[in-house]
Structure formats: C-alpha cells, structure tokens
$ cat run_24.txt   # compact mmCIF, N, CA and C atoms
# COMPACT_ATOMS: atom_id res chain seq x y z
N MET A 1 239.50 19.65 115.81
CA MET A 1 239.00 19.19 114.54
C MET A 1 237.53 18.81 114.70
N ARG A 2 236.72 19.34 113.84
CA ARG A 2 235.28 19.06 113.89
C ARG A 2 234.97 17.86 113.00
N THR A 3 234.23 16.92 113.54
CA THR A 3 233.81 15.77 112.74
C THR A 3 232.33 15.90 112.42
N THR A 4 231.96 15.46 111.25
CA THR A 4 230.56 15.49 110.87
C THR A 4 230.02 14.08 110.83
N SER A 5 228.78 13.96 111.15
CA SER A 5 228.14 12.66 111.17
C SER A 5 227.85 12.19 109.76
N LEU A 6 228.00 10.90 109.52
CA LEU A 6 227.66 10.33 108.22
C LEU A 6 226.15 10.16 108.08
N VAL A 7 225.45 10.16 109.20
CA VAL A 7 224.01 9.97 109.18
C VAL A 7 223.35 11.27 109.60
N ASP A 8 222.48 11.80 108.71
CA ASP A 8 221.81 13.03 109.07
C ASP A 8 220.38 12.79 109.55
N HIS A 9 219.91 11.54 109.43
CA HIS A 9 218.61 11.19 109.97
C HIS A 9 218.50 9.67 110.07
N VAL A 10 217.52 9.22 110.79
CA VAL A 10 217.24 7.80 110.95
C VAL A 10 215.76 7.58 110.67
N ASP A 11 215.46 6.58 109.85
CA ASP A 11 214.06 6.23 109.59
C ASP A 11 213.62 5.16 110.57
N ILE A 12 212.47 5.38 111.20
CA ILE A 12 211.92 4.40 112.13
C ILE A 12 210.52 4.05 111.65
N PHE A 13 210.29 2.75 111.45
CA PHE A 13 208.99 2.25 111.02
C PHE A 13 208.52 1.22 112.03
N MET A 14 207.22 1.13 112.20
CA MET A 14 206.64 0.13 113.09
C MET A 14 205.78 -0.82 112.25
N ASP A 15 206.23 -2.05 112.09
CA ASP A 15 205.51 -3.11 111.38
C ASP A 15 205.45 -2.92 109.87
N VAL A 16 205.09 -1.75 109.40
CA VAL A 16 204.94 -1.51 107.97
C VAL A 16 205.82 -0.32 107.57
N MET A 17 206.64 -0.53 106.55
CA MET A 17 207.44 0.56 106.02
C MET A 17 206.60 1.26 104.97
N ARG A 18 206.15 2.46 105.28
CA ARG A 18 205.31 3.22 104.36
C ARG A 18 206.20 4.19 103.59
N MET A 19 206.49 3.80 102.37
CA MET A 19 207.34 4.62 101.49
C MET A 19 206.56 4.80 100.19
N ASP A 20 207.21 4.60 99.05
CA ASP A 20 206.48 4.64 97.78
C ASP A 20 205.46 3.51 97.73
N HIS A 21 205.79 2.39 98.35
CA HIS A 21 204.89 1.24 98.49
C HIS A 21 204.96 0.82 99.96
N ASP A 22 203.90 0.21 100.44
CA ASP A 22 203.91 -0.30 101.81
C ASP A 22 204.57 -1.67 101.84
N LEU A 23 205.52 -1.86 102.74
CA LEU A 23 206.20 -3.14 102.91
C LEU A 23 205.97 -3.61 104.34
N ASP A 24 205.13 -4.63 104.48
CA ASP A 24 204.79 -5.17 105.80
C ASP A 24 205.90 -6.12 106.23
N VAL A 25 206.64 -5.76 107.27
CA VAL A 25 207.77 -6.56 107.74
C VAL A 25 207.52 -7.19 109.10
N ARG A 26 206.31 -7.05 109.64
CA ARG A 26 206.07 -7.51 111.01
C ARG A 26 206.34 -9.00 111.22
N ASP A 27 206.14 -9.84 110.18
CA ASP A 27 206.40 -11.27 110.31
C ASP A 27 207.87 -11.62 110.18
N ARG A 28 208.70 -10.63 109.82
CA ARG A 28 210.12 -10.91 109.59
C ARG A 28 211.04 -10.08 110.49
N LEU A 29 210.48 -9.43 111.50
CA LEU A 29 211.30 -8.58 112.35
C LEU A 29 212.29 -9.35 113.22
N ASP A 30 212.06 -10.63 113.42
CA ASP A 30 212.97 -11.41 114.25
C ASP A 30 214.11 -12.06 113.46
N ILE A 31 214.19 -11.80 112.16
CA ILE A 31 215.27 -12.36 111.34
C ILE A 31 216.62 -11.81 111.78
N ASP A 32 216.67 -10.54 112.11
CA ASP A 32 217.92 -9.90 112.52
C ASP A 32 217.68 -9.18 113.84
N GLU A 33 218.69 -9.18 114.70
CA GLU A 33 218.53 -8.54 116.01
C GLU A 33 218.41 -7.03 115.94
N TYR A 34 219.10 -6.39 114.99
CA TYR A 34 219.25 -4.95 115.02
C TYR A 34 218.56 -4.20 113.88
N ALA A 35 218.21 -4.88 112.83
CA ALA A 35 217.67 -4.18 111.66
C ALA A 35 216.77 -5.13 110.87
N ILE A 36 216.15 -4.60 109.82
CA ILE A 36 215.36 -5.46 108.95
C ILE A 36 216.30 -6.37 108.16
N SER A 37 215.74 -7.41 107.57
CA SER A 37 216.56 -8.37 106.84
C SER A 37 217.17 -7.73 105.60
N PRO A 38 218.25 -8.32 105.08
CA PRO A 38 218.84 -7.80 103.84
C PRO A 38 217.84 -7.79 102.68
N ALA A 39 216.97 -8.79 102.59
CA ALA A 39 215.96 -8.82 101.52
C ALA A 39 215.01 -7.64 101.65
N ASP A 40 214.56 -7.36 102.86
CA ASP A 40 213.68 -6.22 103.08
C ASP A 40 214.40 -4.90 102.79
N THR A 41 215.67 -4.83 103.14
CA THR A 41 216.46 -3.64 102.84
C THR A 41 216.57 -3.42 101.34
N LEU A 42 216.82 -4.51 100.61
CA LEU A 42 216.91 -4.42 99.15
C LEU A 42 215.59 -3.94 98.55
N ILE A 43 214.48 -4.50 99.01
CA ILE A 43 213.17 -4.09 98.52
C ILE A 43 212.93 -2.61 98.84
N ALA A 44 213.26 -2.21 100.06
CA ALA A 44 213.06 -0.81 100.46
C ALA A 44 213.87 0.14 99.58
N LYS A 45 215.10 -0.22 99.27
CA LYS A 45 215.95 0.64 98.44
C LYS A 45 215.47 0.68 97.00
N LEU A 46 215.08 -0.48 96.45
CA LEU A 46 214.71 -0.56 95.04
C LEU A 46 213.32 -0.02 94.73
N GLN A 47 212.49 0.16 95.75
CA GLN A 47 211.13 0.63 95.48
C GLN A 47 211.04 2.14 95.32
N ILE A 48 212.10 2.85 95.60
CA ILE A 48 212.09 4.30 95.58
C ILE A 48 211.83 4.79 94.15
N GLY A 49 210.81 5.62 93.99
CA GLY A 49 210.43 6.11 92.67
C GLY A 49 211.54 6.85 91.95
N LYS A 50 212.21 7.74 92.65
CA LYS A 50 213.35 8.47 92.06
C LYS A 50 214.59 8.09 92.87
N ILE A 51 215.18 6.98 92.50
CA ILE A 51 216.32 6.45 93.25
C ILE A 51 217.53 7.37 93.06
N ASN A 52 218.22 7.65 94.16
CA ASN A 52 219.38 8.55 94.08
C ASN A 52 220.68 7.74 94.10
N GLU A 53 221.77 8.43 93.93
CA GLU A 53 223.08 7.77 93.83
C GLU A 53 223.43 6.99 95.09
N LYS A 54 223.12 7.54 96.25
CA LYS A 54 223.40 6.85 97.52
C LYS A 54 222.65 5.53 97.59
N ASP A 55 221.37 5.54 97.19
CA ASP A 55 220.58 4.31 97.23
C ASP A 55 221.10 3.30 96.21
N VAL A 56 221.54 3.76 95.05
CA VAL A 56 222.12 2.85 94.05
C VAL A 56 223.37 2.20 94.62
N HIS A 57 224.21 2.96 95.32
CA HIS A 57 225.40 2.39 95.96
C HIS A 57 225.02 1.36 97.01
N ASP A 58 223.97 1.63 97.78
CA ASP A 58 223.49 0.67 98.78
C ASP A 58 223.02 -0.62 98.11
N VAL A 59 222.29 -0.50 97.01
CA VAL A 59 221.80 -1.67 96.27
C VAL A 59 222.98 -2.49 95.75
N ILE A 60 223.95 -1.82 95.18
CA ILE A 60 225.14 -2.51 94.66
C ILE A 60 225.85 -3.26 95.78
N ALA A 61 226.00 -2.62 96.93
CA ALA A 61 226.65 -3.27 98.07
C ALA A 61 225.86 -4.51 98.51
N LEU A 62 224.54 -4.40 98.58
CA LEU A 62 223.72 -5.56 98.96
C LEU A 62 223.87 -6.70 97.96
N LEU A 63 223.83 -6.37 96.67
CA LEU A 63 223.92 -7.40 95.64
C LEU A 63 225.31 -8.01 95.57
N LYS A 64 226.32 -7.20 95.84
CA LYS A 64 227.71 -7.67 95.77
C LYS A 64 228.09 -8.51 96.99
N ASP A 65 227.66 -8.10 98.15
CA ASP A 65 228.18 -8.67 99.38
C ASP A 65 227.37 -9.84 99.96
N LEU A 66 226.12 -9.98 99.55
CA LEU A 66 225.29 -11.03 100.13
C LEU A 66 224.82 -11.99 99.05
N PRO A 67 224.86 -13.30 99.35
CA PRO A 67 224.43 -14.29 98.35
C PRO A 67 222.92 -14.24 98.13
N LEU A 68 222.50 -14.60 96.92
CA LEU A 68 221.08 -14.65 96.58
C LEU A 68 220.68 -16.12 96.51
N HIS A 69 219.96 -16.58 97.50
CA HIS A 69 219.54 -17.98 97.52
C HIS A 69 218.40 -18.17 98.51
N ARG A 70 218.22 -19.36 98.96
CA ARG A 70 217.14 -19.66 99.89
C ARG A 70 217.28 -18.81 101.16
N PRO A 71 216.17 -18.58 101.87
CA PRO A 71 216.20 -17.67 103.02
C PRO A 71 217.15 -18.11 104.14
N THR A 72 217.98 -17.18 104.56
CA THR A 72 218.78 -17.32 105.77
C THR A 72 218.89 -15.93 106.37
N THR A 73 219.51 -15.85 107.50
CA THR A 73 219.63 -14.53 108.12
C THR A 73 220.62 -13.64 107.40
N THR A 74 221.48 -14.20 106.55
CA THR A 74 222.50 -13.39 105.89
C THR A 74 222.33 -13.35 104.38
N SER A 75 221.18 -13.72 103.87
CA SER A 75 221.00 -13.70 102.42
C SER A 75 219.78 -12.89 102.02
N ARG A 76 219.76 -12.51 100.77
CA ARG A 76 218.56 -11.94 100.18
C ARG A 76 217.76 -13.12 99.68
N SER A 77 216.55 -13.24 100.06
CA SER A 77 215.74 -14.38 99.68
C SER A 77 215.05 -14.15 98.35
N MET A 78 215.35 -15.03 97.37
CA MET A 78 214.65 -14.96 96.09
C MET A 78 213.16 -15.14 96.29
N PHE A 79 212.81 -16.00 97.24
CA PHE A 79 211.40 -16.30 97.47
C PHE A 79 210.66 -15.09 98.03
N LEU A 80 211.28 -14.38 98.95
CA LEU A 80 210.65 -13.18 99.50
C LEU A 80 210.49 -12.12 98.41
N LEU A 81 211.52 -11.92 97.63
CA LEU A 81 211.43 -10.94 96.54
C LEU A 81 210.29 -11.28 95.59
N ALA A 82 210.20 -12.56 95.21
CA ALA A 82 209.15 -12.99 94.29
C ALA A 82 207.77 -12.85 94.92
N GLU A 83 207.65 -13.23 96.18
CA GLU A 83 206.36 -13.16 96.88
C GLU A 83 205.87 -11.72 97.00
N VAL A 84 206.74 -10.83 97.40
CA VAL A 84 206.37 -9.42 97.57
C VAL A 84 205.99 -8.81 96.23
N CYS A 85 206.77 -9.09 95.19
CA CYS A 85 206.47 -8.54 93.87
C CYS A 85 205.20 -9.13 93.27
N ALA A 86 204.91 -10.40 93.57
CA ALA A 86 203.70 -11.04 93.05
C ALA A 86 202.44 -10.40 93.62
N ARG A 87 202.53 -9.85 94.82
CA ARG A 87 201.37 -9.23 95.47
C ARG A 87 201.14 -7.78 95.02
N ASP A 88 202.14 -7.16 94.40
CA ASP A 88 202.03 -5.74 94.09
C ASP A 88 202.74 -5.45 92.77
N TRP A 89 201.96 -5.36 91.68
CA TRP A 89 202.55 -5.14 90.36
C TRP A 89 203.31 -3.82 90.32
N GLY A 90 202.81 -2.79 90.95
CA GLY A 90 203.49 -1.50 90.95
C GLY A 90 204.86 -1.59 91.61
N LEU A 91 204.95 -2.34 92.70
CA LEU A 91 206.23 -2.55 93.37
C LEU A 91 207.17 -3.32 92.45
N TYR A 92 206.66 -4.39 91.82
CA TYR A 92 207.46 -5.16 90.87
C TYR A 92 208.01 -4.24 89.77
N HIS A 93 207.15 -3.39 89.24
CA HIS A 93 207.55 -2.47 88.16
C HIS A 93 208.66 -1.54 88.64
N ASP A 94 208.50 -0.95 89.82
CA ASP A 94 209.51 -0.02 90.34
C ASP A 94 210.83 -0.74 90.61
N LEU A 95 210.77 -1.95 91.19
CA LEU A 95 212.00 -2.70 91.46
C LEU A 95 212.74 -3.03 90.17
N THR A 96 212.03 -3.56 89.19
CA THR A 96 212.69 -3.95 87.94
C THR A 96 213.19 -2.72 87.17
N THR A 97 212.44 -1.63 87.21
CA THR A 97 212.88 -0.40 86.56
C THR A 97 214.16 0.12 87.19
N ASN A 98 214.21 0.12 88.52
CA ASN A 98 215.42 0.61 89.21
C ASN A 98 216.61 -0.31 89.01
N ILE A 99 216.37 -1.61 88.93
CA ILE A 99 217.48 -2.53 88.65
C ILE A 99 218.03 -2.26 87.26
N ALA A 100 217.13 -2.08 86.29
CA ALA A 100 217.57 -1.80 84.91
C ALA A 100 218.34 -0.48 84.83
N SER A 101 217.83 0.56 85.49
CA SER A 101 218.50 1.86 85.41
C SER A 101 219.80 1.89 86.20
N SER A 102 219.92 1.06 87.25
CA SER A 102 221.14 1.02 88.05
C SER A 102 222.26 0.30 87.32
N SER A 103 221.91 -0.56 86.37
CA SER A 103 222.94 -1.35 85.69
C SER A 103 223.52 -0.61 84.50
N ARG A 104 223.05 0.56 84.19
CA ARG A 104 223.59 1.32 83.05
C ARG A 104 224.84 2.04 83.40
$ encode --input "run_24.txt" --output "structure tokens"
Amino acid sequence: MRTTSLVDHVDIFMDVMRMDHDLDVRDRLDIDEYAISPADTLIAKLQIGKINEKDVHDVIALLKDLPLHRPTTTSRSMFLLAEVCARDWGLYHDLTTNIASSSR
C-alpha cells in the first residue's frame, strides 16, 4: 500500500516571514520550541491576498482551539494582533477582509 505525504512542501523563514506582507518574528522566536507562535501563525494565514480553503480551515482551527487573551505560549495575543496591524494598514486591511470573507 502506497502512502502519500500530507505535506508537499515546508516553508522556512529566517527572522522575517516575507509573504504578502513582511512579518518580523525575530523577537518572538523563543515563544515556542518548534514553531512560530499561534498569533504569528494566525497573522501569516490571514495576510494571504487570495486565501484558499486550506488556509481558511487553518484559521478556523486556530480561532476554535486557542483562547484569545493576554499573551501566553498557548494563546493568540490580542495585543500582538493589534500592534502588528497598527504598524501596517495594508496588513490590517487584508486580515480584516479575510476574516469577513471566511465567516460567510
């Protein structure tokens, strides 16, 4: 029986995630041992200009499974989201647009 991998590629970024918008994570890399923080993951998923179904499912899982409150290693930080969006209106626009379109 042949098994297929669920992952067809891996994204590797150093300090700054350069996607539709640049997300500087170098000050937050020690939040989690193995990956970027859930808040950074949410921002990375929601900033995509043409968000696809897989990314919408990832966003829903993040919003459903992790609490939204003050910063901890297992939460999405409201403060980080607000801070990042306050520095970049285009990022704020893309995040809010994708949230609105994902909820339909």
$ atom_distance --input "run_24.txt" --atom1 "CA of Asn52 in chain A" --atom2 "CA of Phe79 in chain A"
26.3 Å
$ axis_aligned_box --input "run_24.txt" --around "range 36-51 of chain A" --padding-each-side "8 Å" --output "JSON"
{"center_x": 214.6, "center_y": -0.2, "center_z": 100.9, "size_x": 24.4, "size_y": 33.3, "size_z": 33.9}
$ atom_distance --input "run_24.txt" --atom1 "atom N of Met14 in chain A" --atom2 "atom N of Ser101 in chain A"
28.7 Å
$ residues_near_point --input "run_24.txt" --point "(201.4, -6.8, 100.7)" --cutoff "6.5 Å" --atoms "all atoms listed in the file" --output "list in words"
Asp22, Leu23, Asp24, Val84, Arg87 and Asp88 of chain A
$ atom_distance --input "run_24.txt" --atom1 "CA of Val25 in chain A" --atom2 "CA of Ala82 in chain A"
15.0 Å
$ closest_residue --input "run_24.txt" --among "A:Arg18, A:Thr96, A:Val59, A:Lys54" --to "Leu42 in chain A" --atoms "all atoms listed in the file"
A:Val59
$ residues_around --input "run_24.txt" --residues "Cys85 in chain A" --least-positions-apart "5" --cutoff "10 Å" --atoms "only C-alpha atoms" --output "PyMOL selection string"
chain A and resi 43+79-80+90-96
$ residues_around --input "run_24.txt" --residues "Met19 in chain A" --least-positions-apart "5" --cutoff "8 Å" --atoms "all atoms listed in the file" --output "PDB file with N, CA and C atoms, keeping the file's coordinate frame"
ATOM      1  N   ALA A  44     213.260  -2.210 100.060  1.00  0.00           N
ATOM      2  CA  ALA A  44     213.060  -0.810 100.460  1.00  0.00           C
ATOM      3  C   ALA A  44     213.870   0.140  99.580  1.00  0.00           C
ATOM      4  N   GLN A  47     212.490   0.160  95.750  1.00  0.00           N
ATOM      5  CA  GLN A  47     211.130   0.630  95.480  1.00  0.00           C
ATOM      6  C   GLN A  47     211.040   2.140  95.320  1.00  0.00           C
ATOM      7  N   ILE A  48     212.100   2.850  95.600  1.00  0.00           N
ATOM      8  CA  ILE A  48     212.090   4.300  95.580  1.00  0.00           C
ATOM      9  C   ILE A  48     211.830   4.790  94.150  1.00  0.00           C
ATOM     10  N   GLY A  49     210.810   5.620  93.990  1.00  0.00           N
ATOM     11  CA  GLY A  49     210.430   6.110  92.670  1.00  0.00           C
ATOM     12  C   GLY A  49     211.540   6.850  91.950  1.00  0.00           C
TER      13      GLY A  49
END
$ select_by_dssp --input "run_24.txt" --residues "range 6-104 of chain A" --states "helix (DSSP H, G or I)" --output "JSON, numbers by chain"
{"A": [26, 27, 28, 38, 39, 40, 41, 42, 43, 44, 45, 46, 53, 54, 55, 56, 57, 58, 59, 60, 61, 62, 63, 64, 65, 78, 79, 80, 81, 82, 83, 84, 85, 86, 87, 89, 90, 91, 92, 93, 94, 95, 96, 97, 98, 99, 100, 101, 102]}
$ residues_near_point --input "run_24.txt" --point "(218.1, -4.8, 109.4)" --cutoff "12 Å" --atoms "only C-alpha atoms" --output "list in words"
Asp11, Ile12, Phe13, Val25, Arg28, Leu29, Asp30, Ile31, Asp32, Glu33, Tyr34, Ala35, Ile36, Ser37, Pro38, Ala39, Asp40, Thr41, Leu42, Ile43, Ala44, Leu62, Thr73, Thr74, Ser75 and Arg76 of chain A
